[in-house]
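run.cif, holding mmCIF, C-alpha atoms and all ligand atoms:
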```cif
data_upload
loop_
_atom_site.label_atom_id
_atom_site.label_comp_id
_atom_site.auth_asym_id
_atom_site.auth_seq_id
_atom_site.Cartn_x
_atom_site.Cartn_y
_atom_site.Cartn_z
CA MET A 1 0.00 0.00 0.00
CA LEU A 2 2.73 2.43 1.10
CA LEU A 3 4.85 1.35 -1.85
CA GLY A 4 1.89 2.04 -4.14
CA ILE A 5 1.51 5.58 -2.80
CA ILE A 6 5.25 6.25 -3.13
CA LEU A 7 5.27 4.95 -6.70
CA ALA A 8 2.21 7.06 -7.58
CA CYS A 9 3.92 10.14 -6.12
CA ILE A 10 7.10 9.48 -8.08
CA GLY A 11 5.02 8.93 -11.22
CA ALA A 12 3.11 12.19 -10.72
CA LEU A 13 6.35 14.05 -10.09
CA ALA A 14 7.93 12.61 -13.22
CA LEU A 15 4.88 13.58 -15.27
CA LEU A 16 4.96 17.09 -13.87
CA THR A 17 8.67 17.41 -14.67
CA ILE A 18 8.06 16.30 -18.24
CA LEU A 19 5.16 18.74 -18.59
CA ILE A 20 7.21 21.59 -17.14
CA TYR A 21 10.05 20.73 -19.50
CA LEU A 22 7.79 20.52 -22.55
CA TYR A 23 5.87 23.66 -21.68
CA ARG A 24 8.60 25.97 -20.45
CA PRO A 25 8.64 29.66 -21.31
CA LEU A 26 10.06 30.20 -24.78
CA TYR A 27 12.79 32.59 -23.73
CA HIS A 28 14.21 34.31 -20.67
CA PRO A 29 14.89 38.00 -21.15
CA LYS A 30 17.32 39.56 -18.72
CA TYR A 31 15.74 42.13 -16.38
CA LEU A 32 17.14 45.57 -17.15
CA GLU A 33 18.35 46.72 -13.71
CA ASP A 34 19.99 50.04 -14.35
CA LEU A 35 18.69 52.16 -17.21
CA TYR A 36 21.10 55.04 -16.57
CA ASP A 37 22.42 56.51 -19.83
CA TYR A 38 20.26 54.21 -21.97
CA HIS A 39 19.24 55.89 -25.20
CA VAL A 40 15.44 55.68 -25.44
CA LEU A 41 13.65 56.72 -28.64
CA ILE A 42 9.96 57.56 -28.23
CA THR A 43 7.82 58.30 -31.24
CA GLY A 44 4.91 60.61 -30.44
CA GLY A 45 6.66 61.64 -27.23
CA SER A 46 5.33 65.20 -27.31
CA SER A 47 1.89 64.29 -25.94
CA GLY A 48 -0.05 61.89 -23.73
CA ILE A 49 1.42 58.46 -23.03
CA GLY A 50 4.61 59.17 -24.99
CA LYS A 51 5.25 62.33 -23.02
CA GLU A 52 4.80 60.54 -19.68
CA LEU A 53 7.20 57.86 -20.86
CA ALA A 54 9.74 60.53 -21.79
CA ARG A 55 9.32 62.19 -18.39
CA LEU A 56 9.91 58.94 -16.50
CA PHE A 57 12.84 57.72 -18.60
CA LEU A 58 14.48 61.13 -18.37
CA ASN A 59 13.87 62.13 -14.78
CA GLU A 60 13.41 58.84 -12.90
CA TYR A 61 15.85 56.60 -14.72
CA GLY A 62 18.49 59.01 -15.99
CA CYS A 63 18.15 57.93 -19.61
CA ARG A 64 18.99 59.89 -22.71
CA VAL A 65 15.71 60.48 -24.51
CA THR A 66 14.91 61.31 -28.12
CA ILE A 67 11.36 62.27 -29.07
CA LEU A 68 10.05 62.21 -32.62
CA ALA A 69 6.81 64.03 -33.49
CA ARG A 70 5.61 66.43 -36.16
CA ASN A 71 4.32 69.62 -34.56
CA VAL A 72 7.24 71.91 -33.70
CA GLU A 73 5.40 74.08 -31.16
CA ARG A 74 4.20 71.04 -29.25
CA LEU A 75 7.72 69.63 -29.24
CA GLU A 76 9.15 72.89 -27.93
CA GLU A 77 6.50 73.11 -25.22
CA CYS A 78 7.22 69.53 -24.22
CA ARG A 79 10.95 70.22 -24.12
CA ARG A 80 10.41 73.21 -21.79
CA GLU A 81 8.15 71.16 -19.53
CA LEU A 82 10.27 68.01 -19.28
CA SER A 83 13.65 69.66 -19.16
CA PRO A 84 13.42 73.27 -17.95
CA ASN A 85 17.21 73.47 -17.64
CA LEU A 86 17.49 72.55 -21.34
CA SER A 87 19.58 69.46 -20.62
CA ASP A 88 21.13 67.89 -23.71
CA ARG A 89 19.87 64.51 -22.47
CA LEU A 90 16.51 65.31 -24.09
CA LEU A 91 16.36 65.79 -27.84
CA CYS A 92 13.08 66.70 -29.56
CA LEU A 93 13.03 66.29 -33.33
CA SER A 94 10.30 67.19 -35.75
CA VAL A 95 9.70 64.41 -38.26
CA ASP A 96 6.68 62.70 -39.75
CA ILE A 97 7.51 59.02 -39.19
CA SER A 98 5.05 57.94 -41.87
CA GLN A 99 6.65 59.78 -44.78
CA SER A 100 9.63 57.60 -45.67
CA TYR A 101 12.26 55.26 -44.31
CA GLU A 102 14.97 57.76 -45.29
CA GLN A 103 13.46 60.64 -43.29
CA VAL A 104 13.21 58.45 -40.21
CA GLN A 105 16.75 57.19 -40.76
CA ASN A 106 18.14 60.74 -41.00
CA ALA A 107 16.34 61.78 -37.82
CA ILE A 108 17.58 58.76 -35.87
CA GLU A 109 21.16 59.18 -37.12
CA HIS A 110 21.01 62.78 -36.00
CA ALA A 111 19.73 61.67 -32.58
CA ILE A 112 22.53 59.11 -32.17
CA HIS A 113 25.09 61.72 -33.07
CA HIS A 114 23.55 64.18 -30.60
CA HIS A 115 23.69 61.63 -27.77
CA GLN A 116 27.43 61.01 -28.07
CA ASP A 117 27.09 58.23 -30.62
CA LYS A 118 24.92 56.10 -28.33
CA PRO A 119 22.70 53.90 -30.49
CA ILE A 120 19.07 53.26 -29.53
CA ASP A 121 18.74 50.81 -26.62
CA ILE A 122 14.96 51.03 -26.27
CA LEU A 123 12.58 51.98 -29.08
CA ILE A 124 8.99 52.86 -28.17
CA ASN A 125 6.66 52.87 -31.17
CA ASN A 126 3.95 55.02 -29.66
CA ALA A 127 2.99 57.64 -32.29
CA ALA A 128 -0.47 57.11 -33.72
CA ILE A 129 -3.57 58.89 -34.84
CA PHE A 130 -7.02 57.70 -33.91
CA TYR A 131 -10.64 58.64 -34.30
CA ALA A 132 -13.77 56.58 -34.04
CA ARG A 133 -16.16 56.67 -36.97
CA PRO A 134 -18.46 54.11 -38.59
CA PHE A 135 -16.99 52.28 -41.60
CA HIS A 136 -19.15 53.96 -44.25
CA GLN A 137 -18.20 57.42 -42.98
CA THR A 138 -14.47 56.72 -43.16
CA LYS A 139 -12.83 57.80 -46.43
CA PRO A 140 -10.46 55.38 -48.19
CA GLU A 141 -7.62 57.92 -47.77
CA GLU A 142 -8.27 57.94 -44.04
CA PHE A 143 -7.76 54.18 -43.85
CA ALA A 144 -4.51 54.63 -45.73
CA GLU A 145 -3.32 57.49 -43.55
CA MET A 146 -3.98 55.65 -40.32
CA MET A 147 -2.18 52.58 -41.59
CA ARG A 148 0.75 54.71 -42.76
CA ILE A 149 1.25 56.35 -39.37
CA ASN A 150 0.24 53.63 -36.90
CA TYR A 151 1.71 50.68 -38.76
CA LEU A 152 4.23 51.72 -41.43
CA GLY A 153 5.69 54.43 -39.17
CA SER A 154 6.45 51.72 -36.61
CA ILE A 155 8.05 49.56 -39.31
CA TYR A 156 10.37 52.36 -40.45
CA CYS A 157 11.51 53.20 -36.93
CA THR A 158 12.01 49.54 -36.04
CA GLN A 159 14.01 48.81 -39.19
CA VAL A 160 16.28 51.77 -38.63
CA CYS A 161 16.98 50.83 -35.00
CA LEU A 162 17.29 47.08 -35.47
CA SER A 163 20.57 46.87 -37.36
CA SER A 164 22.60 48.33 -34.52
CA MET A 165 20.64 46.37 -31.91
CA LYS A 166 21.53 43.19 -33.79
CA ARG A 167 25.19 44.17 -34.01
CA ARG A 168 25.30 44.73 -30.26
CA GLY A 169 23.15 41.69 -29.46
CA SER A 170 20.75 43.62 -27.23
CA GLY A 171 17.73 45.90 -27.37
CA ARG A 172 14.09 46.30 -26.50
CA ILE A 173 11.32 47.28 -28.89
CA VAL A 174 7.87 48.32 -27.71
CA PHE A 175 4.73 48.58 -29.82
CA ILE A 176 1.80 50.46 -28.31
CA SER A 177 -1.29 48.67 -29.52
CA SER A 178 -4.60 49.02 -27.60
CA GLN A 179 -7.39 46.87 -26.21
CA ALA A 180 -8.85 47.74 -29.61
CA GLY A 181 -5.97 45.65 -30.99
CA GLN A 182 -7.44 42.61 -29.22
CA LEU A 183 -11.08 42.78 -30.22
CA GLY A 184 -13.09 44.55 -32.91
CA VAL A 185 -15.10 47.50 -31.61
CA PHE A 186 -17.92 49.53 -33.21
CA GLY A 187 -16.48 52.67 -34.84
CA TYR A 188 -12.91 51.40 -34.93
CA THR A 189 -12.75 49.64 -38.33
CA SER A 190 -9.74 51.70 -39.34
CA TYR A 191 -8.06 51.97 -35.92
CA CYS A 192 -8.49 48.31 -34.89
CA SER A 193 -6.99 47.14 -38.18
CA THR A 194 -3.81 49.14 -37.58
CA LYS A 195 -3.51 47.85 -34.03
CA PHE A 196 -4.19 44.22 -35.00
CA ALA A 197 -1.49 44.60 -37.63
CA LEU A 198 1.02 45.45 -34.91
CA LYS A 199 0.24 42.16 -33.22
CA GLY A 200 1.14 40.12 -36.31
CA LEU A 201 4.26 42.19 -36.71
CA ALA A 202 5.31 41.80 -33.08
CA GLU A 203 4.77 38.02 -33.03
CA SER A 204 6.69 37.35 -36.23
CA LEU A 205 9.48 39.72 -35.34
CA GLN A 206 9.94 38.20 -31.89
CA MET A 207 10.41 34.79 -33.45
CA GLU A 208 13.18 36.24 -35.61
CA LEU A 209 14.80 38.15 -32.79
CA ALA A 210 14.82 35.77 -29.83
CA ARG A 211 18.22 34.44 -30.91
CA GLU A 212 19.55 38.00 -31.07
CA ASN A 213 18.71 38.80 -27.44
CA ILE A 214 16.24 41.47 -28.55
CA TYR A 215 12.83 41.47 -26.90
CA ILE A 216 9.52 42.90 -27.91
CA THR A 217 6.70 44.20 -25.74
CA LEU A 218 3.21 44.66 -27.13
CA VAL A 219 1.10 47.03 -25.02
CA PHE A 220 -2.71 46.96 -24.77
CA PRO A 221 -3.94 50.05 -22.90
CA PRO A 222 -7.64 50.78 -22.35
CA ASP A 223 -8.94 54.37 -22.79
CA THR A 224 -6.31 56.74 -21.42
CA ASP A 225 -6.79 60.40 -20.57
CA THR A 226 -4.53 62.18 -23.08
CA PRO A 227 -4.89 65.11 -25.51
CA GLY A 228 -5.52 62.56 -28.28
CA PHE A 229 -8.28 60.94 -26.24
CA LYS A 230 -9.95 64.31 -25.58
CA GLU A 231 -9.90 65.00 -29.30
CA GLU A 232 -11.29 61.54 -30.09
CA ASN A 233 -14.15 62.09 -27.63
CA LYS A 234 -15.42 65.13 -29.53
CA THR A 235 -16.75 62.96 -32.35
CA LYS A 236 -16.80 59.45 -30.88
CA PRO A 237 -20.04 57.56 -31.56
CA LYS A 238 -22.07 56.83 -28.43
CA GLU A 239 -21.76 53.09 -29.07
CA THR A 240 -17.96 53.21 -29.11
CA GLN A 241 -17.89 55.28 -25.96
CA MET A 242 -20.19 52.92 -24.08
CA ILE A 243 -18.27 49.83 -25.14
CA ASN A 244 -14.94 51.39 -24.17
CA GLU A 245 -16.29 52.38 -20.76
CA THR A 246 -16.33 48.67 -19.83
CA SER A 247 -12.59 48.94 -19.28
CA GLY A 248 -12.50 52.37 -17.60
CA VAL A 249 -10.06 55.23 -18.16
CA LEU A 250 -6.47 55.40 -16.94
CA THR A 251 -4.05 58.31 -16.65
CA ALA A 252 -1.11 58.51 -19.04
CA GLY A 253 1.22 58.20 -16.04
CA GLN A 254 -0.32 54.87 -14.98
CA VAL A 255 -0.03 53.51 -18.50
CA ALA A 256 3.56 54.71 -18.92
CA LYS A 257 4.74 53.22 -15.61
CA LYS A 258 3.63 49.73 -16.53
CA ILE A 259 5.11 50.00 -20.02
CA ILE A 260 8.50 50.65 -18.45
CA GLN A 261 8.12 47.72 -16.03
CA SER A 262 7.18 45.30 -18.80
CA THR A 263 9.95 46.56 -21.06
CA ARG A 264 12.53 46.02 -18.32
CA LYS A 265 11.23 42.47 -17.84
CA GLY A 266 11.04 41.82 -21.57
CA SER A 267 7.44 40.53 -21.24
CA PHE A 268 5.80 39.99 -24.61
CA THR A 269 2.52 41.56 -23.51
CA CYS A 270 1.60 44.41 -21.20
CA SER A 271 -2.03 44.87 -20.16
CA TYR A 272 -4.00 46.84 -17.60
CA GLY A 273 -6.52 45.98 -14.91
CA ILE A 274 -8.56 42.82 -14.58
CA ASN A 275 -10.33 43.25 -17.94
CA GLY A 276 -7.02 43.82 -19.68
CA PHE A 277 -5.50 40.78 -18.01
CA LEU A 278 -8.43 38.51 -18.96
CA LEU A 279 -8.59 39.88 -22.50
CA THR A 280 -4.90 39.27 -23.02
CA CYS A 281 -5.26 35.75 -21.69
CA LEU A 282 -8.27 35.09 -23.94
CA THR A 283 -6.60 36.44 -27.08
CA CYS A 284 -3.13 34.98 -26.52
CA GLY A 285 -3.49 32.70 -29.58
CA ALA A 286 0.02 31.63 -30.59
CA GLN A 287 1.85 34.41 -28.75
CA PRO A 288 5.13 33.61 -27.06
CA VAL A 289 5.21 33.24 -23.28
CA THR A 290 7.88 34.37 -20.87
CA THR A 291 6.55 33.08 -17.53
CA PHE A 292 5.10 29.87 -16.09
CA SER A 293 2.13 31.71 -14.64
CA GLU A 294 1.05 32.73 -18.15
CA ILE A 295 1.26 29.11 -19.34
CA ILE A 296 -0.78 27.84 -16.42
CA PHE A 297 -3.41 30.56 -16.53
CA GLN A 298 -3.86 30.45 -20.29
CA SER A 299 -4.10 26.69 -20.54
CA LEU A 300 -6.57 26.38 -17.66
CA PHE A 301 -8.92 29.32 -18.25
CA ILE A 302 -9.27 30.10 -21.95
CA GLY A 303 -12.41 27.97 -22.36
CA LEU A 304 -14.11 29.70 -19.47
CA LEU A 305 -12.98 33.12 -20.66
CA ARG A 306 -14.50 32.45 -24.07
CA LEU A 307 -17.86 31.89 -22.42
CA ILE A 308 -17.53 35.06 -20.37
CA MET A 309 -16.49 37.02 -23.47
CA LEU A 310 -19.56 35.80 -25.34
CA ARG A 311 -21.73 37.26 -22.58
CA VAL A 312 -19.85 40.55 -22.79
CA LEU A 313 -20.10 40.58 -26.61
CA ASN A 314 -23.78 39.90 -26.32
CA SER A 315 -24.21 43.04 -24.26
CA PHE A 316 -22.20 45.03 -26.84
CA TYR A 317 -24.39 43.76 -29.70
CA ARG A 318 -27.54 44.58 -27.70
CA LEU A 319 -26.24 48.07 -27.10
CA VAL A 320 -25.50 48.57 -30.80
CA ARG A 321 -28.97 47.39 -31.82
CA LYS A 322 -30.67 49.54 -29.20
CA HIS A 323 -28.96 52.69 -30.42
CA LYS A 324 -30.34 52.27 -33.92
CA GLN A 325 -33.82 53.03 -32.55
CA ILE A 326 -32.77 56.42 -31.21
CA PRO A 327 -32.90 58.90 -34.10
N1 LIG B 401 -5.42 57.57 -25.35
C1 LIG B 401 -6.03 56.40 -25.42
O1 LIG B 401 -7.18 56.24 -25.05
C2 LIG B 401 -5.28 55.21 -25.92
C3 LIG B 401 -4.15 55.33 -26.71
N2 LIG B 401 -3.52 54.20 -27.17
C4 LIG B 401 -2.34 54.32 -28.01
O2 LIG B 401 -1.31 54.96 -27.27
C5 LIG B 401 -0.50 55.73 -28.14
C6 LIG B 401 -0.41 57.16 -27.65
O3 LIG B 401 -1.70 57.70 -27.55
P1 LIG B 401 -1.98 59.13 -26.90
O4 LIG B 401 -0.92 59.45 -25.95
O5 LIG B 401 -3.39 59.13 -26.49
O6 LIG B 401 -1.84 60.04 -28.22
P2 LIG B 401 -1.82 61.63 -28.45
O7 LIG B 401 -2.74 61.92 -29.58
O8 LIG B 401 -2.02 62.37 -27.17
O9 LIG B 401 -0.32 61.83 -28.96
C7 LIG B 401 0.08 61.25 -30.16
C8 LIG B 401 1.53 61.59 -30.42
O10 LIG B 401 1.93 61.00 -31.67
C9 LIG B 401 2.51 62.01 -32.48
N3 LIG B 401 2.30 61.68 -33.89
C10 LIG B 401 1.13 61.48 -34.54
N4 LIG B 401 1.34 61.23 -35.83
C11 LIG B 401 2.68 61.28 -36.02
C12 LIG B 401 3.52 61.11 -37.15
N5 LIG B 401 3.02 60.87 -38.37
N6 LIG B 401 4.85 61.22 -36.99
C13 LIG B 401 5.37 61.48 -35.78
N7 LIG B 401 4.63 61.65 -34.68
C14 LIG B 401 3.30 61.55 -34.79
C15 LIG B 401 1.80 63.29 -32.04
O11 LIG B 401 2.53 64.46 -32.34
P3 LIG B 401 2.27 65.31 -33.71
O12 LIG B 401 0.80 65.30 -33.96
O13 LIG B 401 2.86 66.64 -33.41
O14 LIG B 401 3.03 64.57 -34.76
C16 LIG B 401 1.78 63.07 -30.53
O15 LIG B 401 3.03 63.38 -29.96
C17 LIG B 401 -1.12 55.59 -29.52
O16 LIG B 401 -0.44 54.55 -30.20
C18 LIG B 401 -2.56 55.18 -29.23
O17 LIG B 401 -3.11 54.45 -30.28
C19 LIG B 401 -3.96 52.95 -26.87
C20 LIG B 401 -5.06 52.78 -26.09
C21 LIG B 401 -5.82 53.90 -25.57
C1 LIG B 402 -13.22 38.08 -20.84
C2 LIG B 402 -12.79 39.45 -20.63
C3 LIG B 402 -13.79 40.56 -20.71
C4 LIG B 402 -13.15 41.79 -21.17
C5 LIG B 402 -14.04 42.95 -21.49
C6 LIG B 402 -13.52 43.67 -22.67
C7 LIG B 402 -13.92 45.10 -22.78
C8 LIG B 402 -13.41 45.67 -24.06
C9 LIG B 402 -13.48 47.14 -24.14
C10 LIG B 402 -12.76 47.69 -25.36
C11 LIG B 402 -12.00 48.90 -25.04
C12 LIG B 402 -11.26 49.48 -26.20
C13 LIG B 402 -10.47 50.68 -25.75
C14 LIG B 402 -9.73 51.31 -26.88
C15 LIG B 402 -9.01 52.54 -26.43
C16 LIG B 402 -8.32 53.21 -27.55
O1 LIG B 402 -7.40 52.70 -28.11
C17 LIG B 402 -8.90 54.49 -27.98
N1 LIG B 402 -9.11 55.39 -26.90
C18 LIG B 402 -8.09 55.18 -29.01
O2 LIG B 402 -6.90 55.51 -28.52
#
```

As structure tokens, what does this structure read like?
Amino acid sequence: MLLGIILACIGALALLTILIYLYRPLYHPKYLEDLYDYHVLITGGSSGIGKELARLFLNEYGCRVTILARNVERLEECRRELSPNLSDRLLCLSVDISQSYEQVQNAIEHAIHHHQDKPIDILINNAAIFYARPFHQTKPEEFAEMMRINYLGSIYCTQVCLSSMKRRGSGRIVFISSQAGQLGVFGYTSYCSTKFALKGLAESLQMELARENIYITLVFPPDTDTPGFKEENKTKPKETQMINETSGVLTAGQVAKKIIQSTRKGSFTCSYGINGFLLTCLTCGAQPVTTFSEIIFQSLFIGLLRLIMLRVLNSFYRLVRKHKQIP
């Protein structure tokens, strides 16, 4: 009897070891302890989430920061706010990242030169435009423009930064997607597509880069109180607004803080709050994993989460139908 129990225990242990071996995290990024003097490039760093990221990297972590955005006045204002003593550790450059690879390349070369030839250690692809509008009211050129900025702009910046990251065998690349990059939402046909595209990009690129010691973080914020969000709210359809409210509104500072944490860890995903966590678990698909807790949670709960999501979706569809009756 005792022998039977011992054998069963050994058997269970062996099975567990095999399972743990078979289903181990795919890679183990090194935690970035000390970010001092890191060169961080933030696209769209003159406003909202990007600006909070710049503030933290600059003032809390002692990084060298380069910001790329278009509007010169906004850049100048941001420079005065983040670095009143006009430190040369912050460089603000005016460039439209969606125009061409060459323009982005020139700007980044200039930034590297400015920061004593320090290549980019962390790239944050944050710049984007967004507005919510039903499909039939969105012009074809608007689809193209959003894709050019939100998706192609990220490609250009990433391509420019990658060659030196590969040479040095280190680097972190962040893509700011959105919860709207995890599920389709009324009014976001153009925006969701650009954010879903980033997910395909991030997954494929991580598979190419794991052997280079370069790690990607894909960020899924809910609504965040930023100048862009205020602008979006002026014309946002009621349906979109009500659906988004399910996940609440965060401050740009809250969002930025967690982006930095996840980037230091090298986590593939970064999400917010309980809804964000569940949504990321539900939509993990074939994403890479970096921790055992993700493996366990995802494998045990996805079925249940699907059922919960169907209930939530049902309420969204009801809401959309109901609004049709109001003239
Ligand atoms: N706020 C929210 O509710 C949420 C936002 N997100 C995502 O977070 C990111 C930041 O959003 P948020 O802080 O609200 O945005 P804001 O609109 O407040 O700021 C956007 C920034 O991007 C810059 N930018 C836009 N187009 C270009 C371009 N072509 N070239 C260079 N820079 C550009 C803007 O500067 P300029 O116009 O001068 O170029 C600005 O600095 C975006 O990717 C957004 O999709 C995700 C979830 C929720
Ligand atoms: C099983 C789990 C249940 C989860 C519930 C899911 C709720 C989804 C809400 C969608 C929110 C979309 C926010 C987009 C914000 C954004 O990107 C714009 N502000 C533009 O920037």

Ranking A:Phe277, A:Val219, A:Asn125, A:Leu198 by minimum distance to A:Gln261 and counting all atoms listed in the file, which one comes first? A:Val219

Around ligand LIG 402 (chain B), at most 8 Å away and counting only C-alpha atoms and all ligand atoms, which residues are there? Put them as number ranges by chain, please. A: 129-132, 177-181, 183, 185, 191, 221-224, 228-229, 232, 243-247, 275-279, 282, 305-309, 312

Any chance you could export the current selection's C-alpha atoms as a PDB file, keeping the file's coordinate frame?
```pdb
ATOM      1  CA  ILE A 129      -3.570  58.890 -34.840  1.00  0.00           C
ATOM      2  CA  PHE A 130      -7.020  57.700 -33.910  1.00  0.00           C
ATOM      3  CA  TYR A 131     -10.640  58.640 -34.300  1.00  0.00           C
ATOM      4  CA  ALA A 132     -13.770  56.580 -34.040  1.00  0.00           C
ATOM      5  CA  SER A 177      -1.290  48.670 -29.520  1.00  0.00           C
ATOM      6  CA  SER A 178      -4.600  49.020 -27.600  1.00  0.00           C
ATOM      7  CA  GLN A 179      -7.390  46.870 -26.210  1.00  0.00           C
ATOM      8  CA  ALA A 180      -8.850  47.740 -29.610  1.00  0.00           C
ATOM      9  CA  GLY A 181      -5.970  45.650 -30.990  1.00  0.00           C
ATOM     10  CA  LEU A 183     -11.080  42.780 -30.220  1.00  0.00           C
ATOM     11  CA  VAL A 185     -15.100  47.500 -31.610  1.00  0.00           C
ATOM     12  CA  TYR A 191      -8.060  51.970 -35.920  1.00  0.00           C
ATOM     13  CA  PRO A 221      -3.940  50.050 -22.900  1.00  0.00           C
ATOM     14  CA  PRO A 222      -7.640  50.780 -22.350  1.00  0.00           C
ATOM     15  CA  ASP A 223      -8.940  54.370 -22.790  1.00  0.00           C
ATOM     16  CA  THR A 224      -6.310  56.740 -21.420  1.00  0.00           C
ATOM     17  CA  GLY A 228      -5.520  62.560 -28.280  1.00  0.00           C
ATOM     18  CA  PHE A 229      -8.280  60.940 -26.240  1.00  0.00           C
ATOM     19  CA  GLU A 232     -11.290  61.540 -30.090  1.00  0.00           C
ATOM     20  CA  ILE A 243     -18.270  49.830 -25.140  1.00  0.00           C
ATOM     21  CA  ASN A 244     -14.940  51.390 -24.170  1.00  0.00           C
ATOM     22  CA  GLU A 245     -16.290  52.380 -20.760  1.00  0.00           C
ATOM     23  CA  THR A 246     -16.330  48.670 -19.830  1.00  0.00           C
ATOM     24  CA  SER A 247     -12.590  48.940 -19.280  1.00  0.00           C
ATOM     25  CA  ASN A 275     -10.330  43.250 -17.940  1.00  0.00           C
ATOM     26  CA  GLY A 276      -7.020  43.820 -19.680  1.00  0.00           C
ATOM     27  CA  PHE A 277      -5.500  40.780 -18.010  1.00  0.00           C
ATOM     28  CA  LEU A 278      -8.430  38.510 -18.960  1.00  0.00           C
ATOM     29  CA  LEU A 279      -8.590  39.880 -22.500  1.00  0.00           C
ATOM     30  CA  LEU A 282      -8.270  35.090 -23.940  1.00  0.00           C
ATOM     31  CA  LEU A 305     -12.980  33.120 -20.660  1.00  0.00           C
ATOM     32  CA  ARG A 306     -14.500  32.450 -24.070  1.00  0.00           C
ATOM     33  CA  LEU A 307     -17.860  31.890 -22.420  1.00  0.00           C
ATOM     34  CA  ILE A 308     -17.530  35.060 -20.370  1.00  0.00           C
ATOM     35  CA  MET A 309     -16.490  37.020 -23.470  1.00  0.00           C
ATOM     36  CA  VAL A 312     -19.850  40.550 -22.790  1.00  0.00           C
TER      37      VAL A 312
END
```

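Nearest-residue note for A:Ile49: choosing from A:Ser267, A:Ile302, A:Ala256, A:Thr291, the minimum distance belongs to A:Ala256, counting only C-alpha atoms.
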
Set the distance at 7 Å and use only C-alpha atoms: which residues neighbour stretch 70-85 of chain A once local chain neighbours fewer than 5 positions away are removed? I'd like the list as a compact mmCIF listing (two decimals) with C-alpha atoms, in the frame of the given file.
```
# COMPACT_ATOMS: atom_id res chain seq x y z
CA SER A 46 5.33 65.20 -27.31
CA ARG A 55 9.32 62.19 -18.39
CA CYS A 92 13.08 66.70 -29.56
CA SER A 94 10.30 67.19 -35.75
CA VAL A 95 9.70 64.41 -38.26
CA ASP A 96 6.68 62.70 -39.75
```

Counting all atoms listed in the file, the residue among A:Ser262, A:Ser47, A:Thr158, A:Thr17 that lies closest to ligand LIG 401 (chain B) is A:Ser47

Residues within 7 Å of A:Ile97, please, as a ChimeraX atom specification. Count all atoms listed in the file; anything in the same chain fewer than 5 positions from it doesn't count. /A:104,149,153

Please determine the residues with any atom at most 10 Å from (-0.5, 35.4, -22.1) (coordinates as given in the file, with all atoms listed in the file counting) and report them as an NGL selection string. :A and (267-271 or 277-299)

Would you work out the distance separating atom CA of A:Gln182 from atom CA of A:Phe196, expressed in Å to one decimal? 6.8 Å

For ligand LIG 401 (chain B), which residue out of A:Tyr272, A:Phe186, A:Tyr27, A:Phe143 is the nearest one, using all atoms listed in the file? A:Tyr272

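A straight line drawn from atom C8 of ligand LIG 401 (chain B) to atom CA of A:Ala128 is 5.9 Å long.
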
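Computed from the coordinates, the atom CA of A:Glu208 to atom CA of A:Gly169 distance equals 12.9 Å.
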
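Comparing A:Tyr31, A:Tyr188, A:Phe57, A:Phe135 by their smallest distance to ligand LIG 401 (chain B), the closest is A:Tyr188 (using only C-alpha atoms and all ligand atoms).
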
Find the residues near A:Ile120: any atom within 7 Å, counting only C-alpha atoms, skip ones fewer than 3 places away on the same chain, and give them as a short mmCIF file (atom, residue, chain, number, x, y, z; two decimals) with C-alpha atoms, keeping the file's coordinate frame.
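Result written to around18.cif:
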```
data_model
loop_
_atom_site.label_atom_id
_atom_site.label_comp_id
_atom_site.auth_asym_id
_atom_site.auth_seq_id
_atom_site.Cartn_x
_atom_site.Cartn_y
_atom_site.Cartn_z
CA HIS A 39 19.24 55.89 -25.20
CA VAL A 40 15.44 55.68 -25.44
CA LEU A 41 13.65 56.72 -28.64
CA LEU A 123 12.58 51.98 -29.08
CA CYS A 161 16.98 50.83 -35.00
#
```

Spatial sel., origin (17.1, 66.1, -24.3), limit 7 Å, only C-alpha atoms, listed as an MDAnalysis selection string: chainID A and resid 64:66 87:92
